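Participant: Next comes the structure file run.csv, holding CSV, C-alpha atoms and all ligand atoms.
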chain,number,residue,atom,x,y,z
I,1,MET,CA,-8.0,30.5,12.1
I,2,GLU,CA,-6.1,27.2,12.1
I,3,GLU,CA,-5.2,26.2,8.6
I,4,ARG,CA,-6.8,22.9,7.4
I,5,LYS,CA,-4.4,20.0,7.2
I,6,LYS,CA,-3.8,18.5,3.8
I,7,VAL,CA,-5.4,15.1,3.1
I,8,LEU,CA,-3.4,11.9,2.8
I,9,TYR,CA,-4.9,8.7,1.5
I,10,SER,CA,-3.5,5.2,1.1
I,11,ALA,CA,-4.5,1.6,1.3
I,12,VAL,CA,-3.2,-1.9,1.4
I,13,GLN,CA,-4.7,-5.1,0.1
I,14,PRO,CA,-5.3,-8.0,2.5
I,15,THR,CA,-4.0,-10.5,0.0
I,16,ASN,CA,-1.4,-12.0,2.2
I,17,ASP,CA,0.6,-11.3,5.3
I,18,LEU,CA,2.6,-8.0,4.9
I,19,THR,CA,6.2,-8.1,3.8
I,20,ILE,CA,9.0,-5.8,4.9
I,21,GLY,CA,8.6,-4.3,1.4
I,22,ASN,CA,5.1,-3.1,2.3
I,23,TYR,CA,6.3,-2.0,5.7
I,24,ILE,CA,9.3,0.0,4.4
I,25,GLY,CA,7.7,1.3,1.1
I,26,ALA,CA,4.3,2.2,2.6
I,27,ILE,CA,3.3,1.7,6.2
I,28,GLN,CA,6.3,3.1,8.0
I,29,ASN,CA,5.9,6.2,5.9
I,30,TRP,CA,2.2,6.5,6.8
I,31,VAL,CA,3.1,6.3,10.5
I,32,LYS,CA,5.7,9.1,10.1
I,33,LEU,CA,3.3,11.3,8.1
I,34,GLN,CA,0.1,10.7,10.1
I,35,ASN,CA,0.4,13.7,12.5
I,36,ASP,CA,0.9,16.3,9.8
I,37,TYR,CA,-2.0,15.3,7.6
I,38,ASP,CA,-5.7,14.3,7.8
I,39,CYS,CA,-5.2,10.6,7.1
I,40,TYR,CA,-7.4,7.9,5.6
I,41,PHE,CA,-6.0,4.4,5.5
I,42,ALA,CA,-8.0,1.5,4.1
I,43,VAL,CA,-7.8,-2.2,4.0
I,44,ALA,CA,-8.6,-2.7,0.3
I,45,ASN,CA,-10.5,-5.9,0.3
I,46,MET,CA,-12.5,-5.0,-2.8
I,47,HIS,CA,-9.2,-4.8,-4.7
I,48,ALA,CA,-8.1,-8.1,-3.2
I,49,ILE,CA,-10.9,-10.1,-4.9
I,50,THR,CA,-9.6,-9.1,-8.4
I,51,VAL,CA,-7.5,-12.2,-7.8
I,52,ARG,CA,-9.3,-15.3,-6.4
I,53,GLN,CA,-9.2,-15.4,-2.6
I,54,ASN,CA,-10.2,-18.0,-0.1
I,55,PRO,CA,-13.2,-16.3,1.7
I,56,ALA,CA,-12.4,-17.5,5.2
I,57,GLU,CA,-8.8,-16.3,4.8
I,58,LEU,CA,-9.8,-13.0,3.3
I,59,ARG,CA,-12.1,-12.4,6.2
I,60,ARG,CA,-9.3,-13.2,8.7
I,61,ARG,CA,-6.7,-11.3,6.9
I,62,THR,CA,-8.8,-8.1,6.7
I,63,ALA,CA,-8.9,-8.0,10.5
I,64,ASP,CA,-5.3,-9.1,10.8
I,65,MET,CA,-4.2,-6.3,8.5
I,66,ALA,CA,-6.1,-3.6,10.4
I,67,ALA,CA,-4.6,-4.9,13.7
I,68,LEU,CA,-1.2,-4.9,12.1
I,69,LEU,CA,-1.5,-1.3,10.9
I,70,ILE,CA,-2.3,-0.3,14.5
I,71,ALA,CA,0.7,-2.4,15.8
I,72,CYS,CA,2.9,-0.6,13.3
I,73,GLY,CA,1.9,2.7,14.8
I,74,ILE,CA,-1.1,4.0,13.0
I,75,ASN,CA,-3.2,5.8,15.6
I,76,PRO,CA,-6.9,5.1,14.9
I,77,GLU,CA,-7.9,8.0,17.1
I,78,ASN,CA,-6.5,10.5,14.7
I,79,SER,CA,-6.2,8.7,11.4
I,80,VAL,CA,-9.3,7.1,9.8
I,81,LEU,CA,-8.7,3.4,9.6
I,82,TYR,CA,-11.4,1.4,7.8
I,83,VAL,CA,-12.3,-1.5,5.5
I,84,GLN,CA,-13.0,-0.5,1.9
I,85,SER,CA,-16.1,-2.7,1.5
I,86,HIS,CA,-17.7,-1.0,4.5
I,87,VAL,CA,-18.0,2.3,2.5
I,88,PRO,CA,-20.3,1.7,-0.5
I,89,ALA,CA,-19.3,5.0,-2.1
I,90,HIS,CA,-16.1,3.3,-3.4
I,91,ALA,CA,-18.1,1.0,-5.7
I,92,GLU,CA,-20.5,3.8,-6.6
I,93,LEU,CA,-17.9,6.3,-7.6
I,94,CYS,CA,-15.9,3.6,-9.4
I,95,TRP,CA,-18.9,2.9,-11.6
I,96,THR,CA,-19.3,6.6,-12.5
I,97,LEU,CA,-15.6,7.0,-13.2
I,98,ASN,CA,-15.7,3.9,-15.4
I,99,THR,CA,-17.5,6.0,-17.9
I,100,PHE,CA,-14.5,8.4,-18.0
I,101,THR,CA,-12.0,5.7,-18.5
I,102,TYR,CA,-10.9,4.1,-21.8
I,103,VAL,CA,-10.6,0.4,-22.3
I,104,GLY,CA,-7.3,0.9,-24.1
I,105,GLU,CA,-5.6,2.8,-21.3
I,106,MET,CA,-6.6,0.1,-18.8
I,107,GLU,CA,-5.2,-2.6,-21.1
I,108,ARG,CA,-1.9,-0.8,-21.2
I,109,MET,CA,-1.4,-0.7,-17.4
I,110,THR,CA,1.7,-2.5,-16.3
I,111,GLN,CA,0.1,-4.2,-13.3
I,112,PHE,CA,-2.8,-5.5,-15.4
I,113,LYS,CA,-0.4,-7.0,-17.9
I,114,ASP,CA,1.7,-8.6,-15.1
I,115,LYS,CA,-1.3,-10.0,-13.3
I,116,SER,CA,-3.0,-11.2,-16.5
I,117,LYS,CA,0.1,-13.3,-17.1
I,118,LYS,CA,0.2,-14.6,-13.6
I,119,HIS,CA,-3.5,-15.4,-13.4
I,120,ALA,CA,-4.1,-16.3,-17.1
I,121,ASP,CA,-7.1,-18.4,-16.1
I,122,ASN,CA,-8.9,-15.5,-14.5
I,123,ILE,CA,-8.5,-12.2,-16.4
I,124,ASN,CA,-11.7,-10.7,-15.0
I,125,MET,CA,-13.2,-7.3,-15.5
I,126,GLY,CA,-12.3,-6.4,-11.9
I,127,LEU,CA,-8.6,-6.9,-12.6
I,128,MET,CA,-8.8,-4.6,-15.5
I,129,ASP,CA,-10.9,-2.1,-13.6
I,130,TYR,CA,-8.5,-2.1,-10.5
I,131,PRO,CA,-7.0,1.3,-11.3
I,132,VAL,CA,-10.5,2.9,-11.6
I,133,LEU,CA,-11.5,1.6,-8.2
I,134,MET,CA,-8.2,2.9,-6.8
I,135,ALA,CA,-8.9,6.3,-8.4
I,136,ALA,CA,-12.3,6.3,-6.7
I,137,ASP,CA,-10.7,5.5,-3.4
I,138,ILE,CA,-8.3,8.5,-3.7
I,139,LEU,CA,-10.7,11.0,-5.2
I,140,LEU,CA,-13.6,10.4,-2.8
I,141,TYR,CA,-11.5,11.8,0.0
I,142,GLN,CA,-10.1,14.8,-2.1
I,143,ALA,CA,-6.7,13.5,-1.2
I,144,ASP,CA,-3.7,15.8,-1.7
I,145,TYR,CA,-1.1,13.1,-1.3
I,146,VAL,CA,-0.9,9.3,-1.8
I,147,PRO,CA,2.1,7.7,-0.1
I,148,VAL,CA,2.8,4.4,-1.9
I,149,GLY,CA,5.7,2.3,-3.3
I,150,LEU,CA,7.0,2.9,-6.7
I,151,ASP,CA,5.0,0.1,-8.2
I,152,GLN,CA,1.8,2.2,-7.7
I,153,ARG,CA,3.1,5.3,-9.7
I,154,GLN,CA,1.1,4.5,-12.8
I,155,HIS,CA,-2.1,4.0,-10.8
I,156,VAL,CA,-1.8,7.4,-9.2
I,157,GLU,CA,-1.1,9.0,-12.6
I,158,ILE,CA,-4.2,7.4,-14.1
I,159,ALA,CA,-6.3,8.7,-11.1
I,160,ARG,CA,-5.0,12.2,-11.9
I,161,ASP,CA,-6.0,11.7,-15.6
I,162,ILE,CA,-9.5,10.5,-14.7
I,163,ALA,CA,-9.9,13.4,-12.2
I,164,GLN,CA,-8.8,15.9,-14.8
I,165,ARG,CA,-11.1,14.5,-17.4
I,166,PHE,CA,-14.1,14.7,-15.1
I,167,ASN,CA,-13.2,18.2,-13.9
I,168,ASN,CA,-12.9,19.4,-17.5
I,169,VAL,CA,-16.3,18.0,-18.6
I,170,TYR,CA,-18.1,19.5,-15.6
I,171,SER,CA,-16.4,21.9,-13.3
I,172,PRO,CA,-13.7,21.4,-10.6
I,173,THR,CA,-14.9,18.5,-8.5
I,174,PHE,CA,-11.8,16.5,-7.6
I,175,LYS,CA,-8.6,17.6,-6.0
I,176,MET,CA,-5.6,16.5,-8.1
I,177,PRO,CA,-3.7,13.9,-6.0
I,178,GLU,CA,0.0,13.6,-5.9
I,179,ALA,CA,2.0,10.4,-5.2
I,180,LEU,CA,4.6,10.5,-2.4
I,181,PHE,CA,7.6,8.2,-2.7
I,182,LEU,CA,10.5,7.6,-0.4
I,183,LYS,CA,14.1,8.2,-1.3
I,184,VAL,CA,15.2,4.9,0.2
I,185,GLY,CA,12.9,2.0,0.2
I,186,ALA,CA,10.3,2.9,-2.5
I,187,LYS,CA,11.2,-0.4,-4.1
I,188,ILE,CA,12.4,-3.2,-1.9
I,189,CYS,CA,13.4,-6.2,-4.0
I,190,ASP,CA,12.9,-10.0,-3.7
I,191,LEU,CA,15.8,-11.5,-1.7
I,192,LEU,CA,16.2,-14.4,-4.2
I,193,ASP,CA,15.7,-12.3,-7.4
I,194,PRO,CA,16.7,-8.7,-6.8
I,195,THR,CA,15.4,-7.6,-10.2
I,196,LYS,CA,11.8,-8.2,-9.0
I,197,LYS,CA,10.0,-6.2,-6.3
I,198,MET,CA,9.4,-8.1,-3.0
I,199,SER,CA,5.7,-9.1,-3.1
I,200,LYS,CA,3.4,-10.6,-0.6
I,201,SER,CA,2.0,-12.9,-3.1
I,202,ALA,CA,5.3,-14.0,-4.7
I,203,GLU,CA,5.5,-17.7,-5.7
I,204,ASN,CA,8.6,-18.4,-3.5
I,205,PRO,CA,8.0,-17.2,0.0
I,206,ASN,CA,11.7,-17.4,0.7
I,207,GLY,CA,12.3,-14.2,-1.3
I,208,SER,CA,9.9,-12.2,0.9
I,209,VAL,CA,10.3,-11.5,4.6
I,210,PHE,CA,6.9,-11.3,6.2
I,211,LEU,CA,6.2,-9.1,9.2
I,212,ASN,CA,5.1,-12.2,11.2
I,213,ASP,CA,8.1,-14.4,10.3
I,214,ASP,CA,9.9,-15.5,13.5
I,215,ARG,CA,13.5,-14.6,14.3
I,216,ASP,CA,15.0,-17.9,12.9
I,217,THR,CA,13.1,-17.6,9.7
I,218,ILE,CA,14.1,-14.0,9.2
I,219,ILE,CA,17.8,-14.8,9.7
I,220,ARG,CA,17.6,-17.9,7.5
I,221,LYS,CA,16.0,-15.9,4.6
I,222,PHE,CA,18.6,-13.2,4.8
I,223,LYS,CA,21.4,-15.7,5.0
I,224,ARG,CA,20.2,-17.2,1.7
I,225,ALA,CA,19.7,-13.8,0.0
I,226,VAL,CA,21.3,-13.5,-3.4
I,227,THR,CA,24.3,-11.1,-3.6
I,228,ASP,CA,26.9,-11.1,-6.3
I,229,SER,CA,30.3,-12.6,-7.0
I,230,GLY,CA,32.2,-9.6,-5.6
I,231,SER,CA,32.9,-9.1,-1.9
I,232,GLU,CA,32.5,-5.5,-1.3
I,233,VAL,CA,29.4,-4.1,0.6
I,234,ARG,CA,28.7,-1.1,-1.6
I,235,TYR,CA,25.5,0.6,-2.7
I,236,ASP,CA,25.3,0.3,-6.5
I,237,PRO,CA,21.8,-0.7,-7.6
I,238,GLU,CA,22.9,-1.1,-11.3
I,239,ASN,CA,25.7,-3.6,-10.7
I,240,LYS,CA,25.1,-4.9,-7.2
I,241,ALA,CA,21.3,-5.2,-7.0
I,242,GLY,CA,21.2,-7.8,-4.2
I,243,VAL,CA,23.7,-6.0,-2.0
I,244,SER,CA,22.1,-2.6,-2.6
I,245,ASN,CA,18.7,-4.0,-1.7
I,246,LEU,CA,20.1,-5.4,1.6
I,247,LEU,CA,21.8,-2.1,2.3
I,248,SER,CA,18.5,-0.3,1.9
I,249,ILE,CA,16.8,-2.7,4.2
I,250,TYR,CA,19.6,-2.4,6.8
I,251,SER,CA,19.5,1.4,6.5
I,252,VAL,CA,15.8,1.7,7.1
I,253,PHE,CA,15.7,-0.8,10.0
I,254,SER,CA,18.8,0.5,11.7
I,255,GLY,CA,18.0,4.2,11.1
I,256,LYS,CA,21.5,4.7,9.7
I,257,SER,CA,22.2,6.4,6.4
I,258,ILE,CA,23.4,4.2,3.4
I,259,GLU,CA,26.9,5.8,3.7
I,260,LYS,CA,27.1,4.9,7.4
I,261,ALA,CA,25.8,1.4,6.7
I,262,GLU,CA,28.5,0.9,4.0
I,263,ALA,CA,31.1,2.1,6.5
I,264,ASP,CA,29.9,-0.4,9.1
I,265,PHE,CA,30.6,-3.3,6.8
I,266,ALA,CA,33.9,-2.0,5.1
I,267,GLY,CA,36.3,-4.9,4.9
I,268,LYS,CA,33.7,-7.4,6.1
I,269,GLY,CA,32.4,-10.3,4.1
I,270,TYR,CA,28.9,-10.9,2.8
I,271,GLY,CA,28.2,-13.6,5.4
I,272,GLU,CA,28.6,-11.2,8.3
I,273,PHE,CA,26.7,-8.5,6.5
I,274,LYS,CA,23.7,-10.7,5.8
I,275,LEU,CA,23.6,-11.9,9.4
I,276,ALA,CA,23.6,-8.3,10.6
I,277,VAL,CA,20.8,-7.3,8.3
I,278,GLY,CA,18.7,-10.3,9.5
I,279,GLU,CA,19.4,-9.4,13.1
I,280,VAL,CA,18.4,-5.8,12.8
I,281,VAL,CA,15.2,-6.7,11.1
I,282,ALA,CA,14.3,-9.4,13.6
I,283,ASP,CA,15.1,-7.0,16.5
I,284,LYS,CA,12.9,-4.3,15.1
I,285,LEU,CA,10.0,-6.6,14.3
I,286,ALA,CA,9.8,-8.3,17.7
I,287,PRO,CA,7.9,-5.6,19.7
I,288,LEU,CA,5.6,-5.0,16.7
I,289,GLN,CA,4.7,-8.7,16.5
I,290,ALA,CA,4.0,-8.8,20.2
I,291,GLU,CA,1.7,-5.8,20.0
I,292,TRP,CA,0.0,-7.3,16.9
I,293,GLN,CA,-0.8,-10.5,18.9
I,294,ARG,CA,-2.2,-8.5,21.7
I,295,LEU,CA,-4.5,-6.6,19.4
I,296,LEU,CA,-5.7,-9.7,17.6
I,297,ALA,CA,-6.9,-11.1,20.9
I,298,ASP,CA,-9.1,-8.0,21.4
I,299,LYS,CA,-11.7,-8.3,18.7
I,300,ALA,CA,-14.1,-6.0,20.4
I,301,TYR,CA,-11.6,-3.2,20.3
I,302,LEU,CA,-10.7,-3.8,16.7
I,303,ASP,CA,-14.3,-4.0,15.5
I,304,GLY,CA,-15.0,-0.7,17.4
I,305,VAL,CA,-12.1,1.0,15.6
I,306,LEU,CA,-13.2,-0.3,12.2
I,307,LYS,CA,-16.9,0.7,12.8
I,308,SER,CA,-16.0,4.2,13.8
I,309,GLY,CA,-13.5,4.4,10.9
I,310,ALA,CA,-16.1,3.4,8.4
I,311,GLU,CA,-18.5,6.0,9.7
I,312,ARG,CA,-15.9,8.8,9.6
I,313,ALA,CA,-14.8,7.7,6.1
I,314,GLU,CA,-18.4,7.5,4.9
I,315,ARG,CA,-19.1,11.1,5.9
I,316,THR,CA,-16.3,12.4,3.7
I,317,ALA,CA,-16.9,10.0,0.9
I,318,ASN,CA,-20.6,10.7,0.6
I,319,ARG,CA,-20.1,14.4,0.3
I,320,THR,CA,-17.9,13.9,-2.8
I,321,LEU,CA,-20.3,11.3,-4.2
I,322,ALA,CA,-23.3,13.6,-3.8
I,323,LYS,CA,-21.5,16.3,-5.8
I,324,VAL,CA,-20.6,13.8,-8.5
I,325,TYR,CA,-24.1,12.4,-8.8
I,326,LYS,CA,-25.5,15.9,-9.1
I,327,LYS,CA,-23.0,16.9,-11.8
I,328,VAL,CA,-23.6,13.8,-14.0
I,329,GLY,CA,-27.3,14.4,-13.8
I,330,PHE,CA,-28.6,11.6,-11.5
I,331,TYR,CA,-32.2,12.4,-10.4
I,332,SER,CA,-32.4,12.9,-6.7
I,333,LEU,CA,-35.5,12.7,-4.5
I,334,LYS,CA,-36.5,15.6,-2.3
I,335,ASP,CA,-36.3,14.4,1.3
I,401,LIG,P1,0.5,-8.2,-4.1
I,401,LIG,O1,1.7,-9.1,-4.1
I,401,LIG,O2,-0.7,-9.0,-3.5
I,401,LIG,O3,0.1,-7.5,-5.3
I,401,LIG,P2,1.9,-6.1,-2.8
I,401,LIG,O4,3.0,-6.8,-1.9
I,401,LIG,O5,2.3,-5.5,-4.0
I,401,LIG,O6,0.8,-7.1,-3.0
I,401,LIG,P3,0.0,-4.1,-2.0
I,401,LIG,O7,-1.0,-4.4,-1.0
I,401,LIG,O8,-0.3,-4.1,-3.4
I,401,LIG,O9,1.2,-5.1,-1.8
I,401,LIG,O10,0.8,-2.8,-1.6
I,401,LIG,C1,0.8,-2.1,-0.4
I,401,LIG,C2,1.7,-1.0,-0.4
I,401,LIG,O11,3.1,-1.5,-0.3
I,401,LIG,C3,1.7,-0.1,-1.6
I,401,LIG,O12,1.8,1.2,-1.3
I,401,LIG,C4,2.8,-0.6,-2.4
I,401,LIG,O13,3.3,0.4,-3.3
I,401,LIG,C5,3.8,-0.9,-1.3
I,401,LIG,N1,4.8,-1.9,-1.8
I,401,LIG,C6,4.5,-3.2,-2.2
I,401,LIG,N2,5.6,-3.8,-2.5
I,401,LIG,C7,6.7,-3.0,-2.2
I,401,LIG,C8,8.1,-3.1,-2.3
I,401,LIG,N3,8.6,-4.3,-2.7
I,401,LIG,N4,8.8,-2.1,-2.0
I,401,LIG,C9,8.3,-0.9,-1.6
I,401,LIG,N5,6.9,-0.8,-1.4
I,401,LIG,C10,6.1,-1.8,-1.8
I,402,LIG,N1,-3.4,-0.8,-5.3
I,402,LIG,C1,-2.8,-0.4,-4.1
I,402,LIG,C2,-3.7,-0.5,-2.9
I,402,LIG,C3,-4.6,0.6,-2.9
I,402,LIG,C4,-4.3,2.0,-2.8
I,402,LIG,C5,-5.6,2.6,-3.0
I,402,LIG,C6,-3.2,2.7,-2.6
I,402,LIG,C7,-6.0,0.5,-3.2
I,402,LIG,N2,-6.5,1.7,-3.2
I,402,LIG,C8,-5.6,4.0,-2.9
I,402,LIG,C9,-3.3,4.1,-2.5
I,402,LIG,C10,-4.5,4.7,-2.7
I,402,LIG,C11,-1.6,-1.2,-3.8
I,402,LIG,O1,-0.9,-0.8,-3.0
I,402,LIG,N3,-1.3,-2.2,-4.5
Kindly present the structure from the file in structure tokens form.
Ligand code: ATP
Ligand code: LTN

Facilitator:
Amino acid sequence: MEERKKVLYSAVQPTNDLTIGNYIGAIQNWVKLQNDYDCYFAVANMHAITVRQNPAELRRRTADMAALLIACGINPENSVLYVQSHVPAHAELCWTLNTFTYVGEMERMTQFKDKSKKHADNINMGLMDYPVLMAADILLYQADYVPVGLDQRQHVEIARDIAQRFNNVYSPTFKMPEALFLKVGAKICDLLDPTKKMSKSAENPNGSVFLNDDRDTIIRKFKRAVTDSGSEVRYDPENKAGVSNLLSIYSVFSGKSIEKAEADFAGKGYGEFKLAVGEVVADKLAPLQAEWQRLLADKAYLDGVLKSGAERAERTANRTLAKVYKKVGFYSLKD
């Protein structure tokens, strides 16, 4: 009998256009892994509203994001691609898991602390509950692996803790998920402040390169990227954070190793190096952007993909939810 494939689960929030940080740290990796696993990829619009969103924009971005994932190479025939709010089991399991989660541990989460500072006027319950909803996402599908960027490490850890707690109180119900990180690219940094991760909702958009930036914008942003006072193109994240970040980006987009990339720029100045990074990124993104535009024009196809994705996701999710409801003692009607 054919062995069952392991399950892989990940999601991205439609909070803004995607950056090359999201692409390198997450999406490109999903594309590479999708043939070897049973994959579920969600557009996490329920997570997105933990920070106030413009409704029309959120609606548009949700579809844009799904199209972009397909343009990046996610194959919706094999992988299940869907929108989180289309599968009610996410909110339902989240509620149940809330009763296995302590307020103190949520208050200590790094992202909650960061976002509370950034959105001090709106520290809502959803923002604090964000990791529990994420745990529900992952656990509903009995995921073995969760490919994410390094910023999500703590969230996957807490999902494991919650799963373990539930399994201990009742009996084994949830698979213990494991985070998958990349060796190069798990944390792409802001071009203007390489001590911070590149983020799609950063205050200054010049530090982030978006997947839909045009060629001139991409090259301009890289030209302005912060380096250091030296002149050597060398990978040394401790002492040369800016240059190392650019080398990682170059390495991923050119397919060359970091060593080969360093050798390419030996004896050359930062100006030439930054231009080359911009060019390789713009070249790689051009066909992806064209495919994205093509898909956006075909709303019927996109809606079809998302409808079938939601149905497939729901089948798996409801199976887990039914087990959970039974274990916690929810009364069920005979049908
Ligand atoms: P926001 O700024 O709205 O919080 P974000 O840019 O952090 O968004 P998410 O939607 O939260 O993006 O994350 C999508 C995926 O991209 C996650 O797997 C996350 O770990 C990964 N990711 C985000 N930023 C980076 C980065 N700078 N480097 C590598 N991976 C990243
Ligand atoms: N919080 C995640 C997005 C996300 C996610 C998930 C990632 C929501 N649910 C489940 C992996 C698994 C982020 O990337 N910021």

Participant: Find, counting only C-alpha atoms, the residue in I:Ile123, I:Ala282, I:Ala63, I:Val51 that gets nearest to Lys299 (chain I).

Facilitator: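 Result for the nearest residue to Lys299 (chain I): I:Ala63.
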
Participant: Counting only C-alpha atoms and all ligand atoms, give me one row per residue of chain I with an atom at most 8 Å from an atom of ligand LIG 402 (chain I), showing the shortest contact pair and its distance in Å to one decimal, sorted by chain then residue number, as CSV.

Facilitator:
residue,atom,partner,partner_atom,distance
I:Tyr9,CA,I:LIG402,C10,5.8
I:Ser10,CA,I:LIG402,C9,3.8
I:Ala11,CA,I:LIG402,C4,4.1
I:Val12,CA,I:LIG402,C2,4.5
I:Gln13,CA,I:LIG402,C2,5.6
I:Ala42,CA,I:LIG402,N2,7.5
I:Val43,CA,I:LIG402,C7,7.9
I:Ala44,CA,I:LIG402,C7,5.4
I:His47,CA,I:LIG402,C7,6.4
I:Tyr130,CA,I:LIG402,N1,7.4
I:Pro131,CA,I:LIG402,N1,7.3
I:Leu133,CA,I:LIG402,N2,7.1
I:Met134,CA,I:LIG402,N2,4.2
I:Ala135,CA,I:LIG402,C8,6.8
I:Asp137,CA,I:LIG402,C8,5.3
I:Ile138,CA,I:LIG402,C8,5.3
I:Val146,CA,I:LIG402,C9,5.8
I:Pro147,CA,I:LIG402,C9,6.9
I:Val148,CA,I:LIG402,C9,6.1
I:Gly149,CA,I:LIG402,O1,7.3
I:Asp151,CA,I:LIG402,N3,7.7
I:Gln152,CA,I:LIG402,C11,6.2
I:His155,CA,I:LIG402,N1,7.4
I:Val156,CA,I:LIG402,C10,7.5

Participant: Skipping near chain neighbours, those fewer than 2 positions away, what residues fall within 12 Å of Gln53 (chain I) using only C-alpha atoms, listed as a list in words?

Facilitator: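 Contacts, in chain order: Gln13, Pro14, Thr15, Asn16, Asn45, Met46, His47, Ala48, Ile49, Thr50, Val51, Pro55, Ala56, Glu57, Leu58, Arg59, Arg60, Arg61, Thr62, Asn122 and Ser201 of chain I.
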
Participant: Have a look at I:Arg52, I:Phe253, I:Lys334, I:Tyr141 and name the one nearest to Arg315 (chain I); count all atoms listed in the file.

Facilitator: I:Tyr141

Participant: So that I can see what lies close to Val87 (chain I), please list as an mmCIF file with C-alpha atoms, in the frame of the given file the residues with an atom at most 10 Å from it, counting only C-alpha atoms and leaving out residues fewer than 6 positions away in the same chain.

Facilitator:
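Final output, result-v4.cif:
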data_model
loop_
_atom_site.group_PDB
_atom_site.id
_atom_site.type_symbol
_atom_site.label_atom_id
_atom_site.label_comp_id
_atom_site.auth_asym_id
_atom_site.auth_seq_id
_atom_site.Cartn_x
_atom_site.Cartn_y
_atom_site.Cartn_z
ATOM 1 C CA ASP I 137 -10.700 5.500 -3.400
ATOM 2 C CA GLY I 309 -13.500 4.400 10.900
ATOM 3 C CA ALA I 310 -16.100 3.400 8.400
ATOM 4 C CA GLU I 311 -18.500 6.000 9.700
ATOM 5 C CA ARG I 312 -15.900 8.800 9.600
ATOM 6 C CA ALA I 313 -14.800 7.700 6.100
ATOM 7 C CA GLU I 314 -18.400 7.500 4.900
ATOM 8 C CA ARG I 315 -19.100 11.100 5.900
ATOM 9 C CA ALA I 317 -16.900 10.000 0.900
ATOM 10 C CA ASN I 318 -20.600 10.700 0.600
#

Participant: Between I:Leu139, I:Leu182, I:Ile70, I:Val226, which one has atoms that come closest to ligand LIG 401 (chain I), using all atoms listed in the file?

Facilitator: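 Closest to ligand LIG 401 (chain I), using all atoms listed in the file: I:Leu182.
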
Participant: Could you please determine the separation between CA of Asp144 (chain I) and CA of Lys183 (chain I) in Å, to one decimal place?

Facilitator: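 Distance reported for this atom pair: 19.4 Å.
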